[in-house]
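Q: Following this line is structure_15.tsv, made up of TSV, C-alpha atoms:
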```
chain	number	residue	atom	x	y	z
S	499	MET	CA	-67.49	78.10	1.89
S	500	GLN	CA	-64.93	75.38	1.32
S	501	LYS	CA	-63.89	73.25	4.25
S	502	ASP	CA	-60.31	72.41	5.15
S	503	ALA	CA	-58.60	70.17	2.61
S	504	LYS	CA	-58.79	66.45	3.26
S	505	GLN	CA	-55.26	65.07	3.19
S	506	ILE	CA	-54.32	61.59	2.04
S	507	PRO	CA	-53.69	59.58	5.24
S	508	ALA	CA	-50.16	58.53	6.06
S	509	ARG	CA	-49.52	54.80	5.93
S	510	ASN	CA	-49.17	54.58	9.72
S	511	GLU	CA	-52.71	55.95	9.99
S	512	ILE	CA	-54.19	53.05	8.01
S	513	PRO	CA	-55.43	49.96	9.92
S	514	ALA	CA	-52.86	47.17	9.80
S	515	GLU	CA	-55.37	44.73	8.29
S	516	HIS	CA	-55.56	46.96	5.23
S	517	THR	CA	-51.80	47.07	4.66
S	518	TRP	CA	-49.69	44.32	3.19
S	519	ASP	CA	-47.71	41.92	5.33
S	520	LEU	CA	-44.17	41.44	4.06
S	521	THR	CA	-43.09	38.95	6.73
S	522	PRO	CA	-43.61	35.94	4.39
S	523	LEU	CA	-40.73	37.43	2.39
S	524	PHE	CA	-38.57	38.64	5.28
S	525	VAL	CA	-39.45	39.04	8.95
S	526	SER	CA	-37.48	42.27	9.19
S	527	ASP	CA	-35.07	44.57	7.38
S	528	SER	CA	-32.20	42.94	9.26
S	529	ASN	CA	-33.32	39.53	7.96
S	530	TRP	CA	-33.28	41.05	4.45
S	531	GLU	CA	-29.71	42.25	5.04
S	532	GLU	CA	-28.65	38.76	6.17
S	533	VAL	CA	-29.98	37.11	3.01
S	534	TYR	CA	-28.53	39.92	0.91
S	535	SER	CA	-25.04	39.36	2.37
S	536	ASN	CA	-25.32	35.58	1.96
S	537	THR	CA	-26.45	35.88	-1.66
S	538	GLU	CA	-23.70	38.39	-2.36
S	539	GLN	CA	-21.11	35.87	-1.18
S	540	LEU	CA	-22.68	32.97	-3.10
S	541	ILE	CA	-22.45	34.80	-6.43
S	542	SER	CA	-18.71	34.11	-6.58
S	543	ARG	CA	-19.48	30.37	-6.85
S	544	TYR	CA	-20.69	30.77	-10.42
S	545	LYS	CA	-17.07	30.41	-11.55
S	546	ASN	CA	-17.08	26.83	-10.23
S	547	TYR	CA	-19.32	25.86	-13.15
S	548	GLU	CA	-17.81	27.89	-15.96
S	549	GLY	CA	-16.47	25.68	-18.76
S	550	LYS	CA	-17.67	22.51	-17.00
S	551	LEU	CA	-21.27	22.05	-18.12
S	552	ALA	CA	-20.30	19.32	-20.58
S	553	ASP	CA	-18.33	17.38	-17.96
S	554	SER	CA	-21.30	15.47	-16.57
S	555	PHE	CA	-25.03	15.58	-16.04
S	556	ASP	CA	-24.56	16.13	-12.30
S	557	VAL	CA	-22.47	19.26	-12.85
S	558	PHE	CA	-24.99	20.56	-15.38
S	559	LEU	CA	-27.92	19.99	-13.00
S	560	GLN	CA	-26.05	21.60	-10.10
S	561	ALA	CA	-25.34	24.67	-12.23
S	562	ILE	CA	-28.99	25.02	-13.25
S	563	GLU	CA	-30.24	24.63	-9.68
S	564	PHE	CA	-27.62	27.02	-8.32
S	565	ASP	CA	-28.54	29.66	-10.89
S	566	LEU	CA	-32.26	29.34	-10.15
S	567	SER	CA	-31.61	29.47	-6.42
S	568	ILE	CA	-29.69	32.74	-6.79
S	569	ALA	CA	-32.45	34.10	-9.03
S	570	ARG	CA	-35.13	33.24	-6.46
S	571	ASP	CA	-33.21	34.94	-3.66
S	572	ILE	CA	-32.64	38.07	-5.75
S	573	ASP	CA	-36.32	38.14	-6.75
S	574	ARG	CA	-37.28	37.92	-3.09
S	575	LEU	CA	-34.80	40.64	-2.10
S	576	TYR	CA	-35.93	42.90	-4.92
S	577	THR	CA	-39.66	42.36	-4.28
S	578	TYR	CA	-39.34	43.15	-0.57
S	579	ALA	CA	-37.26	46.27	-1.22
S	580	HIS	CA	-39.61	47.41	-3.99
S	581	LEU	CA	-42.69	46.98	-1.80
S	582	LYS	CA	-41.02	48.76	1.11
S	583	SER	CA	-40.21	51.59	-1.28
S	584	ASP	CA	-43.83	51.65	-2.49
S	585	GLU	CA	-45.01	52.09	1.11
S	586	ASP	CA	-43.23	55.44	1.17
S	587	THR	CA	-41.32	56.51	-1.93
S	588	THR	CA	-39.46	59.12	0.13
S	589	ASN	CA	-38.10	56.49	2.57
S	590	GLN	CA	-34.35	56.73	2.03
S	591	ASN	CA	-33.61	53.39	3.70
S	592	ALA	CA	-36.05	51.60	1.41
S	593	GLN	CA	-34.59	53.39	-1.61
S	594	ALA	CA	-31.10	52.27	-0.55
S	595	MET	CA	-32.30	48.66	-0.25
S	596	LEU	CA	-33.85	48.86	-3.69
S	597	GLN	CA	-30.62	50.19	-5.18
S	598	LYS	CA	-28.67	47.39	-3.48
S	599	ALA	CA	-31.07	44.83	-4.94
S	600	HIS	CA	-30.60	46.30	-8.43
S	601	SER	CA	-26.84	46.25	-7.97
S	602	LEU	CA	-26.88	42.65	-6.74
S	603	ALA	CA	-28.96	41.59	-9.74
S	604	GLN	CA	-26.43	43.23	-12.05
S	605	ARG	CA	-23.47	41.49	-10.38
S	606	ALA	CA	-25.25	38.14	-10.56
S	607	ALA	CA	-25.97	38.72	-14.25
S	608	GLU	CA	-22.30	39.50	-14.85
S	609	ALA	CA	-21.11	36.43	-12.94
S	610	SER	CA	-23.57	34.14	-14.73
S	611	SER	CA	-23.10	35.66	-18.19
S	612	PHE	CA	-21.25	32.53	-19.34
S	613	LEU	CA	-24.13	30.20	-18.47
S	614	VAL	CA	-26.57	30.73	-21.35
S	615	PRO	CA	-23.91	30.82	-24.11
S	616	GLU	CA	-22.31	27.67	-22.68
S	617	ILE	CA	-25.62	25.79	-22.50
S	618	GLN	CA	-26.37	26.80	-26.08
S	619	SER	CA	-22.95	25.65	-27.26
S	620	LEU	CA	-23.26	22.13	-25.83
S	621	PRO	CA	-23.22	19.43	-28.54
S	622	GLU	CA	-26.71	18.34	-29.55
S	623	ALA	CA	-26.03	14.78	-28.39
S	624	VAL	CA	-24.99	15.99	-24.94
S	625	ILE	CA	-27.94	18.31	-24.34
S	626	SER	CA	-30.39	15.74	-25.71
S	627	ASN	CA	-28.99	13.15	-23.32
S	628	TYR	CA	-29.25	15.57	-20.39
S	629	LEU	CA	-32.88	16.37	-21.15
S	630	THR	CA	-33.90	12.69	-21.12
S	631	ASN	CA	-32.78	12.34	-17.49
S	632	THR	CA	-35.82	12.29	-15.22
S	633	ASN	CA	-33.97	14.26	-12.53
S	634	ILE	CA	-34.12	17.35	-14.71
S	635	SER	CA	-37.70	17.00	-15.94
S	636	GLN	CA	-38.94	20.04	-13.99
S	637	TYR	CA	-36.37	22.24	-15.77
S	638	VAL	CA	-36.88	21.01	-19.34
S	639	PHE	CA	-39.10	23.92	-20.39
S	640	TYR	CA	-36.64	26.40	-18.87
S	641	ILE	CA	-33.69	24.84	-20.71
S	642	GLU	CA	-35.57	24.59	-24.01
S	643	LYS	CA	-36.36	28.29	-23.72
S	644	ILE	CA	-32.64	29.00	-23.34
S	645	LEU	CA	-31.90	26.92	-26.43
S	646	ARG	CA	-34.55	28.83	-28.38
S	647	TYR	CA	-32.52	32.01	-27.79
S	648	ARG	CA	-29.44	30.64	-29.59
S	649	GLU	CA	-29.52	33.07	-32.52
S	650	HIS	CA	-30.14	36.00	-30.16
S	651	THR	CA	-27.38	35.25	-27.66
S	652	LEU	CA	-23.94	36.81	-28.01
S	653	SER	CA	-20.50	35.76	-26.83
S	654	LYS	CA	-19.75	35.44	-23.12
S	655	GLU	CA	-17.70	38.65	-23.21
S	656	ILE	CA	-20.44	40.71	-24.85
S	657	GLU	CA	-23.13	39.20	-22.62
S	658	GLU	CA	-21.07	40.23	-19.61
S	659	ILE	CA	-20.80	43.81	-20.91
S	660	LEU	CA	-24.56	43.96	-21.50
S	661	ALA	CA	-25.16	42.65	-17.99
S	662	MET	CA	-22.97	45.43	-16.60
S	663	ALA	CA	-25.30	47.96	-18.20
S	664	HIS	CA	-28.33	46.77	-16.21
S	665	GLU	CA	-28.67	49.80	-13.94
S	666	VAL	CA	-28.20	52.17	-16.88
S	667	VAL	CA	-30.81	50.29	-18.91
S	668	ILE	CA	-33.51	50.58	-16.24
S	669	ALA	CA	-32.84	54.29	-15.60
S	670	PRO	CA	-35.75	55.61	-17.75
S	671	MET	CA	-38.21	53.32	-15.99
S	672	GLU	CA	-36.88	54.22	-12.54
S	673	PHE	CA	-36.99	57.92	-13.39
S	674	PHE	CA	-40.68	57.78	-14.30
S	675	ARG	CA	-41.51	55.59	-11.30
S	676	LYS	CA	-39.94	58.12	-8.92
S	677	LEU	CA	-41.60	61.03	-10.69
S	678	ASP	CA	-45.03	59.40	-10.78
S	679	ASN	CA	-45.06	58.01	-7.25
S	680	ALA	CA	-42.87	60.37	-5.23
S	681	ASP	CA	-42.57	63.81	-6.83
S	682	MET	CA	-45.89	64.20	-8.64
S	683	ARG	CA	-48.43	66.41	-6.89
S	684	PHE	CA	-51.95	66.57	-8.31
S	685	GLY	CA	-53.31	69.46	-6.28
S	686	THR	CA	-56.78	69.69	-4.77
S	687	ILE	CA	-60.37	69.72	-5.99
S	688	THR	CA	-63.75	70.43	-4.43
S	689	ASP	CA	-65.96	67.37	-3.91
S	690	GLU	CA	-69.77	67.13	-3.91
S	691	GLN	CA	-70.01	68.29	-0.28
S	692	GLY	CA	-67.84	71.35	-0.81
S	693	ASN	CA	-64.79	69.79	0.81
S	694	THR	CA	-61.36	70.58	-0.57
S	695	VAL	CA	-59.76	67.19	-1.20
S	696	GLU	CA	-56.21	66.28	-2.18
S	697	LEU	CA	-56.26	64.42	-5.50
S	698	SER	CA	-54.22	61.22	-5.84
S	699	HIS	CA	-53.80	58.06	-7.89
S	700	GLY	CA	-55.98	56.31	-5.33
S	701	ASN	CA	-59.05	58.55	-5.37
S	702	PHE	CA	-58.97	59.80	-8.98
S	703	ILE	CA	-61.37	57.17	-10.36
S	704	THR	CA	-63.75	57.72	-7.45
S	705	PHE	CA	-64.16	61.34	-8.52
S	706	LEU	CA	-64.67	60.31	-12.15
S	707	MET	CA	-67.67	58.31	-10.92
S	708	SER	CA	-69.29	61.39	-9.38
S	709	TYR	CA	-72.78	62.32	-10.61
S	710	ASN	CA	-71.69	65.95	-10.35
S	711	ARG	CA	-70.19	66.67	-13.76
S	712	ASP	CA	-68.23	69.67	-12.51
S	713	VAL	CA	-66.53	67.45	-9.92
S	714	ARG	CA	-65.47	64.78	-12.39
S	715	LYS	CA	-64.46	67.34	-15.03
S	716	ASN	CA	-62.33	69.23	-12.52
S	717	ALA	CA	-60.78	65.99	-11.25
S	718	PHE	CA	-59.91	64.91	-14.79
S	719	HIS	CA	-58.27	68.19	-15.84
S	720	THR	CA	-56.51	68.69	-12.50
S	721	TYR	CA	-55.08	65.17	-12.58
S	722	TYR	CA	-53.72	65.35	-16.11
S	723	LYS	CA	-52.50	68.90	-15.66
S	724	ALA	CA	-49.87	67.48	-13.33
S	725	TYR	CA	-48.59	65.25	-16.14
S	726	ASP	CA	-48.76	68.12	-18.59
S	727	ASN	CA	-46.51	70.12	-16.28
S	728	HIS	CA	-43.86	67.40	-16.66
S	729	LYS	CA	-44.50	66.49	-20.30
S	730	TYR	CA	-40.99	67.23	-21.55
S	731	SER	CA	-39.33	65.15	-18.83
S	732	ILE	CA	-41.78	62.30	-19.38
S	733	ALA	CA	-41.27	62.49	-23.16
S	734	GLN	CA	-37.50	62.31	-22.72
S	735	SER	CA	-37.85	59.32	-20.42
S	736	LEU	CA	-40.05	57.57	-22.99
S	737	ALA	CA	-37.64	58.41	-25.82
S	738	SER	CA	-34.75	56.96	-23.82
S	739	SER	CA	-36.72	53.80	-23.15
S	740	VAL	CA	-37.55	53.39	-26.85
S	741	LYS	CA	-33.89	53.89	-27.80
S	742	LYS	CA	-32.96	51.21	-25.27
S	743	ASP	CA	-35.44	48.78	-26.85
S	744	VAL	CA	-34.15	49.57	-30.34
S	745	PHE	CA	-30.56	49.07	-29.21
S	746	PHE	CA	-31.18	45.64	-27.70
S	747	SER	CA	-33.34	44.46	-30.58
S	748	ARG	CA	-30.51	45.29	-32.98
S	749	VAL	CA	-27.71	43.90	-30.82
S	750	ARG	CA	-29.58	40.64	-30.31
S	751	LYS	CA	-30.55	40.40	-33.99
S	752	PHE	CA	-34.32	40.55	-33.59
S	753	LYS	CA	-36.36	41.68	-36.58
S	754	SER	CA	-37.92	44.48	-34.54
S	755	CYS	CA	-38.66	45.66	-31.02
S	756	LEU	CA	-42.03	43.93	-31.33
S	757	HIS	CA	-40.35	40.64	-32.24
S	758	GLN	CA	-38.07	41.02	-29.22
S	759	ALA	CA	-40.98	41.74	-26.87
S	760	LEU	CA	-43.04	38.74	-28.01
S	761	PHE	CA	-40.16	36.26	-28.32
S	762	PRO	CA	-39.98	35.25	-24.61
S	763	ASP	CA	-43.55	33.93	-24.80
S	764	ASN	CA	-43.03	32.43	-28.26
S	765	ILE	CA	-45.82	34.54	-29.77
S	766	PRO	CA	-45.64	35.30	-33.53
S	767	ASP	CA	-45.86	38.95	-34.58
S	768	THR	CA	-48.94	38.04	-36.60
S	769	VAL	CA	-50.90	37.36	-33.41
S	770	TYR	CA	-50.27	40.92	-32.21
S	771	HIS	CA	-51.28	42.46	-35.53
S	772	THR	CA	-54.34	40.22	-35.81
S	773	LEU	CA	-55.53	41.32	-32.38
S	774	ILE	CA	-55.25	44.99	-33.35
S	775	GLU	CA	-56.97	44.43	-36.68
S	776	THR	CA	-59.78	42.44	-35.05
S	777	VAL	CA	-60.44	45.11	-32.44
S	778	SER	CA	-60.26	47.90	-35.04
S	779	SER	CA	-62.78	46.08	-37.23
S	780	ASN	CA	-65.27	45.58	-34.41
S	781	LEU	CA	-65.59	48.97	-32.74
S	782	GLN	CA	-69.22	49.57	-33.69
S	783	PRO	CA	-70.64	48.03	-30.48
S	784	LEU	CA	-68.39	50.34	-28.47
S	785	PHE	CA	-69.51	53.38	-30.46
S	786	LYS	CA	-73.13	52.32	-29.97
S	787	TYR	CA	-72.60	52.01	-26.23
S	788	LEU	CA	-70.96	55.44	-26.00
S	789	SER	CA	-73.87	56.97	-27.91
S	790	TYR	CA	-76.28	55.35	-25.49
S	791	ARG	CA	-74.23	56.61	-22.53
S	792	LYS	CA	-74.33	60.17	-23.85
S	793	GLU	CA	-78.10	59.97	-24.27
S	794	ALA	CA	-78.65	58.33	-20.87
S	795	LEU	CA	-76.66	61.06	-19.13
S	796	GLY	CA	-78.49	63.77	-21.05
S	797	LEU	CA	-75.31	65.19	-22.58
S	798	THR	CA	-74.83	66.97	-25.88
S	799	GLU	CA	-71.17	65.95	-25.96
S	800	LEU	CA	-69.47	62.99	-24.25
S	801	HIS	CA	-66.01	63.44	-22.75
S	802	PHE	CA	-63.63	60.92	-21.25
S	803	TYR	CA	-64.55	62.09	-17.75
S	804	ASP	CA	-68.14	61.03	-18.49
S	805	THR	CA	-67.26	57.37	-19.10
S	806	TYR	CA	-66.97	56.23	-15.48
S	807	VAL	CA	-70.11	57.65	-13.88
S	808	PRO	CA	-72.73	54.89	-13.32
S	809	LEU	CA	-75.71	55.06	-15.67
S	810	VAL	CA	-78.15	53.87	-13.01
S	811	ALA	CA	-78.66	56.61	-10.43
S	812	ASP	CA	-80.01	56.42	-6.88
S	813	VAL	CA	-78.71	52.92	-6.27
S	814	PRO	CA	-76.26	53.40	-3.41
S	815	PHE	CA	-73.71	50.64	-3.19
S	816	SER	CA	-71.10	50.20	-0.54
S	817	MET	CA	-69.24	47.12	0.60
S	818	GLU	CA	-66.55	46.57	3.20
S	819	TYR	CA	-63.33	44.94	2.04
S	820	GLU	CA	-63.90	41.78	4.07
S	821	GLU	CA	-67.39	41.34	2.62
S	822	ALA	CA	-66.03	41.78	-0.91
S	823	CYS	CA	-63.50	39.02	-0.19
S	824	ASP	CA	-66.32	36.71	0.91
S	825	VAL	CA	-68.32	37.45	-2.25
S	826	CYS	CA	-65.27	36.60	-4.39
S	827	ALA	CA	-64.76	33.37	-2.47
S	828	GLN	CA	-68.41	32.37	-2.93
S	829	ALA	CA	-68.23	33.06	-6.66
S	830	LEU	CA	-65.08	30.95	-7.02
S	831	HIS	CA	-65.98	28.08	-4.68
S	832	ILE	CA	-66.30	25.73	-7.67
S	833	LEU	CA	-62.51	25.84	-8.00
S	834	GLY	CA	-62.11	23.92	-4.75
S	835	GLU	CA	-61.17	24.37	-1.10
S	836	GLU	CA	-57.43	24.63	-1.76
S	837	TYR	CA	-57.99	27.49	-4.20
S	838	ILE	CA	-60.33	29.32	-1.80
S	839	SER	CA	-57.90	28.87	1.08
S	840	THR	CA	-55.08	30.34	-0.98
S	841	LEU	CA	-57.36	33.16	-2.12
S	842	HIS	CA	-58.27	34.04	1.47
S	843	THR	CA	-54.62	34.01	2.47
S	844	GLY	CA	-53.74	36.37	-0.35
S	845	LEU	CA	-56.67	38.74	0.19
S	846	LEU	CA	-56.76	38.81	3.97
S	847	GLY	CA	-53.26	37.74	4.95
S	848	GLY	CA	-51.65	41.12	4.32
```
Take the structure I supplied and represent it as C-alpha cells, if you would.
A:
Amino acid sequence: MQKDAKQIPARNEIPAEHTWDLTPLFVSDSNWEEVYSNTEQLISRYKNYEGKLADSFDVFLQAIEFDLSIARDIDRLYTYAHLKSDEDTTNQNAQAMLQKAHSLAQRAAEASSFLVPEIQSLPEAVISNYLTNTNISQYVFYIEKILRYREHTLSKEIEEILAMAHEVVIAPMEFFRKLDNADMRFGTITDEQGNTVELSHGNFITFLMSYNRDVRKNAFHTYYKAYDNHKYSIAQSLASSVKKDVFFSRVRKFKSCLHQALFPDNIPDTVYHTLIETVSSNLQPLFKYLSYRKEALGLTELHFYDTYVPLVADVPFSMEYEEACDVCAQALHILGEEYISTLHTGLLGG
C-alpha cells in the first residue's frame, strides 16, 4: 500500500542556514524601494552629459562613472527582486518588484541611448588622448569594447527605440521562466520504500540515481511528460526567441545570430565550429563508456534514465552540507586564506 504523498516543503519550513541571505544586497524590501526611487530620479541626469563628451576629459570620465553607477544599482535591484521571486514564484509582491526592475532598466537604457553612439563618434585623437589618462585606466577595457561595436551600433534615435522594446524582447524568456518555475506540475511517483513523492526540479536527479530501475524510469517519463503537455507553448516561446535573435542580428548588421552571440567576448565563429567538430570526432571514448555502463548494470538496452545510477553498489554515501563545504575548502586551500575566507562566506553566509 502506498503511503501519503511527500510534499515539497515550503520555504518557511527550511532551516534558515540553508536559505540564501539577501541582506548584503538590501536589508529589507523597504530599503530596496528607497534605492529604486533614488535610482529612478538619477536617471534624468543622463541628459547632463548628452552632446558634451568631447568637451573635456573630466566630463567624459564623469559620464562613464555615472553610467556604471546606475548600471550597478539596477543590477543590484534586479538581482534582489529576481531572487525574491525565485523564493516563491507565486509571490505577487516579488513579481511586482521584478517588473519594476525590468521597467527601470528599460528607462535607463532609453535615457543613456546616446552614450555609446557618442563615444564611438568621438574623433580618434580625442578618444586616444582620453585613454592615455591614468585616471581612466580601470575603464579602458570597457571603453575599448564599446569602440569595437562601432559597426554594430545605430543612430541615437534608433538605439532609443530598441531600448524601449526591452520588456517586449525578454517576453519569451520570462514566459518560459514563469511556466517552468511557477505553473509546471510534475505529478507524483512511488519511491523505493513505496512512498508517493511529489516530483520536482530539485529531486528529479536523485530519483534518476535510484538502483530501482522502475523508480528512475517512472521519474524520467513523469518529469518529461509535464513538458510534453506544454510542448506547443514551449515551442512558440522558443520560436519567438529565435525570431528576436534574428531580428537583432540583422538590425545590428551581424553576419549571423552566432556571430552576434560570440561578439561580446570577441570569440571568432571558427572557435565555436572547431569545438563542435572536435567533440564530434572524439565520441568513441563516450560510446565505450556507455557500453561498459550497460554491461555493468546488466542491461540489454541502455536508456537515458540509466546514465545517472552509480555503477558501484552497496557503498552508501551521505554528507551534510557543512561537511561538504569543509571538504571543498580543504581541496582549495592552496589558493590562499583570502580565497578560502571568501569561499566560506559564499557557501555558509546565506
Q: So how far away is atom CA of S:Asp763 from atom CA of S:Glu622, in Å?
A: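 The value is 23.4 Å.
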Q: So the first atom is atom CA of S:Tyr730 and the second is atom CA of S:Ala759; what is the distance between them in Å, to one decimal place?
A: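 Going from atom CA of S:Tyr730 over to atom CA of S:Ala759 covers 26.0 Å.
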Q: Neighbours of S:Lys654 within 10 Å (only C-alpha atoms; same-chain residues fewer than 5 positions away dropped), as a ChimeraX atom specification?
A: /S:608,610-616,659-660
Q: Atom CA of S:Ser526 to atom CA of S:His600: how many Å, to one decimal?
A: 19.3 Å
Q: Taking all atoms listed in the file into account, name the residue in S:Thr776, S:Asn591, S:Asn631, S:Ser708 that is nearest to S:Glu531.
A: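 The closest residue to S:Glu531 is S:Asn591.
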Q: Can you tell me, as a PyMOL selection string, what residues are no more than 12 Å from S:Phe746 when counting all atoms listed in the file, ignoring any on the same chain fewer than 4 positions away?
A: chain S and resi 650-652+657+660-661+663-664+667+739-742+750-759
Q: Please put the answer as lines of an AutoDock Vina configuration file: centre and edge lengths, in Å with one decimal, of a box along x, y and z that encloses all listed atoms of stretch 602-607 of chain S plus 6 Å on each side.
A:
```
center_x = -26.2
center_y = 40.7
center_z = -10.5
size_x = 17.5
size_y = 17.1
size_z = 19.5
```
Q: Can you find the residues with an atom no farther than 12 Å from (-55.8, 62.7, -5.7), counting all atoms listed in the file, and report them as a PyMOL selection string?
A: chain S and resi 503-507+679+682-689+694-706+714+716-722+724
Q: Would you write out those residues with C-alpha atoms, as a PDB file, in the frame of the given file?
A:
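What follows is the written file again.pdb:
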```pdb
ATOM      1  CA  ALA S 503     -58.600  70.170   2.610  1.00  0.00           C
ATOM      2  CA  LYS S 504     -58.790  66.450   3.260  1.00  0.00           C
ATOM      3  CA  GLN S 505     -55.260  65.070   3.190  1.00  0.00           C
ATOM      4  CA  ILE S 506     -54.320  61.590   2.040  1.00  0.00           C
ATOM      5  CA  PRO S 507     -53.690  59.580   5.240  1.00  0.00           C
ATOM      6  CA  ASN S 679     -45.060  58.010  -7.250  1.00  0.00           C
ATOM      7  CA  MET S 682     -45.890  64.200  -8.640  1.00  0.00           C
ATOM      8  CA  ARG S 683     -48.430  66.410  -6.890  1.00  0.00           C
ATOM      9  CA  PHE S 684     -51.950  66.570  -8.310  1.00  0.00           C
ATOM     10  CA  GLY S 685     -53.310  69.460  -6.280  1.00  0.00           C
ATOM     11  CA  THR S 686     -56.780  69.690  -4.770  1.00  0.00           C
ATOM     12  CA  ILE S 687     -60.370  69.720  -5.990  1.00  0.00           C
ATOM     13  CA  THR S 688     -63.750  70.430  -4.430  1.00  0.00           C
ATOM     14  CA  ASP S 689     -65.960  67.370  -3.910  1.00  0.00           C
ATOM     15  CA  THR S 694     -61.360  70.580  -0.570  1.00  0.00           C
ATOM     16  CA  VAL S 695     -59.760  67.190  -1.200  1.00  0.00           C
ATOM     17  CA  GLU S 696     -56.210  66.280  -2.180  1.00  0.00           C
ATOM     18  CA  LEU S 697     -56.260  64.420  -5.500  1.00  0.00           C
ATOM     19  CA  SER S 698     -54.220  61.220  -5.840  1.00  0.00           C
ATOM     20  CA  HIS S 699     -53.800  58.060  -7.890  1.00  0.00           C
ATOM     21  CA  GLY S 700     -55.980  56.310  -5.330  1.00  0.00           C
ATOM     22  CA  ASN S 701     -59.050  58.550  -5.370  1.00  0.00           C
ATOM     23  CA  PHE S 702     -58.970  59.800  -8.980  1.00  0.00           C
ATOM     24  CA  ILE S 703     -61.370  57.170 -10.360  1.00  0.00           C
ATOM     25  CA  THR S 704     -63.750  57.720  -7.450  1.00  0.00           C
ATOM     26  CA  PHE S 705     -64.160  61.340  -8.520  1.00  0.00           C
ATOM     27  CA  LEU S 706     -64.670  60.310 -12.150  1.00  0.00           C
ATOM     28  CA  ARG S 714     -65.470  64.780 -12.390  1.00  0.00           C
ATOM     29  CA  ASN S 716     -62.330  69.230 -12.520  1.00  0.00           C
ATOM     30  CA  ALA S 717     -60.780  65.990 -11.250  1.00  0.00           C
ATOM     31  CA  PHE S 718     -59.910  64.910 -14.790  1.00  0.00           C
ATOM     32  CA  HIS S 719     -58.270  68.190 -15.840  1.00  0.00           C
ATOM     33  CA  THR S 720     -56.510  68.690 -12.500  1.00  0.00           C
ATOM     34  CA  TYR S 721     -55.080  65.170 -12.580  1.00  0.00           C
ATOM     35  CA  TYR S 722     -53.720  65.350 -16.110  1.00  0.00           C
ATOM     36  CA  ALA S 724     -49.870  67.480 -13.330  1.00  0.00           C
TER      37      ALA S 724
END
```
Q: Please list as number ranges by chain every residue within 8 Å of stretch 672-678 of chain S, counting all atoms listed in the file and excluding residues in the same chain fewer than 4 positions away.
A: S: 587, 668, 682, 732, 735
Q: Suppose we keep C-alpha atoms; can you now write the selection as a short mmCIF file (atom, residue, chain, number, x, y, z; two decimals), in the coordinates of the input?
A:
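New file result-v7.cif:
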```cif
data_model
loop_
_atom_site.label_atom_id
_atom_site.label_comp_id
_atom_site.auth_asym_id
_atom_site.auth_seq_id
_atom_site.Cartn_x
_atom_site.Cartn_y
_atom_site.Cartn_z
CA THR S 587 -41.32 56.51 -1.93
CA ILE S 668 -33.51 50.58 -16.24
CA MET S 682 -45.89 64.20 -8.64
CA ILE S 732 -41.78 62.30 -19.38
CA SER S 735 -37.85 59.32 -20.42
#
```
Q: Counting all atoms listed in the file, give me one row per residue of stretch 567-607 of chain S with an atom at most 12 Å from an atom of stretch 556-562 of chain S, showing the shortest contact pair and its distance in Å to one decimal, sorted by chain then residue number, as a tab-separated table.
A:
```
residue	atom	partner	partner_atom	distance
S:Ser567	CA	S:Ile562	CA	8.6
S:Ile568	CA	S:Ile562	CA	10.1
S:Ala569	CA	S:Ile562	CA	10.6
```
Q: Which residue out of S:Tyr637, S:Phe785, S:Tyr547, S:Tyr709 has the minimum interatomic distance to S:Tyr806 when all atoms listed in the file are used?
A: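 Selected residue with least distance to S:Tyr806: S:Tyr709.
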Q: Which residue, S:Arg574, S:Arg648, S:Lys643, S:Arg605, has the smallest gap to S:Met662 when you use all atoms listed in the file?
A: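 Ranking S:Arg574, S:Arg648, S:Lys643, S:Arg605 by distance to S:Met662, first place goes to S:Arg605.
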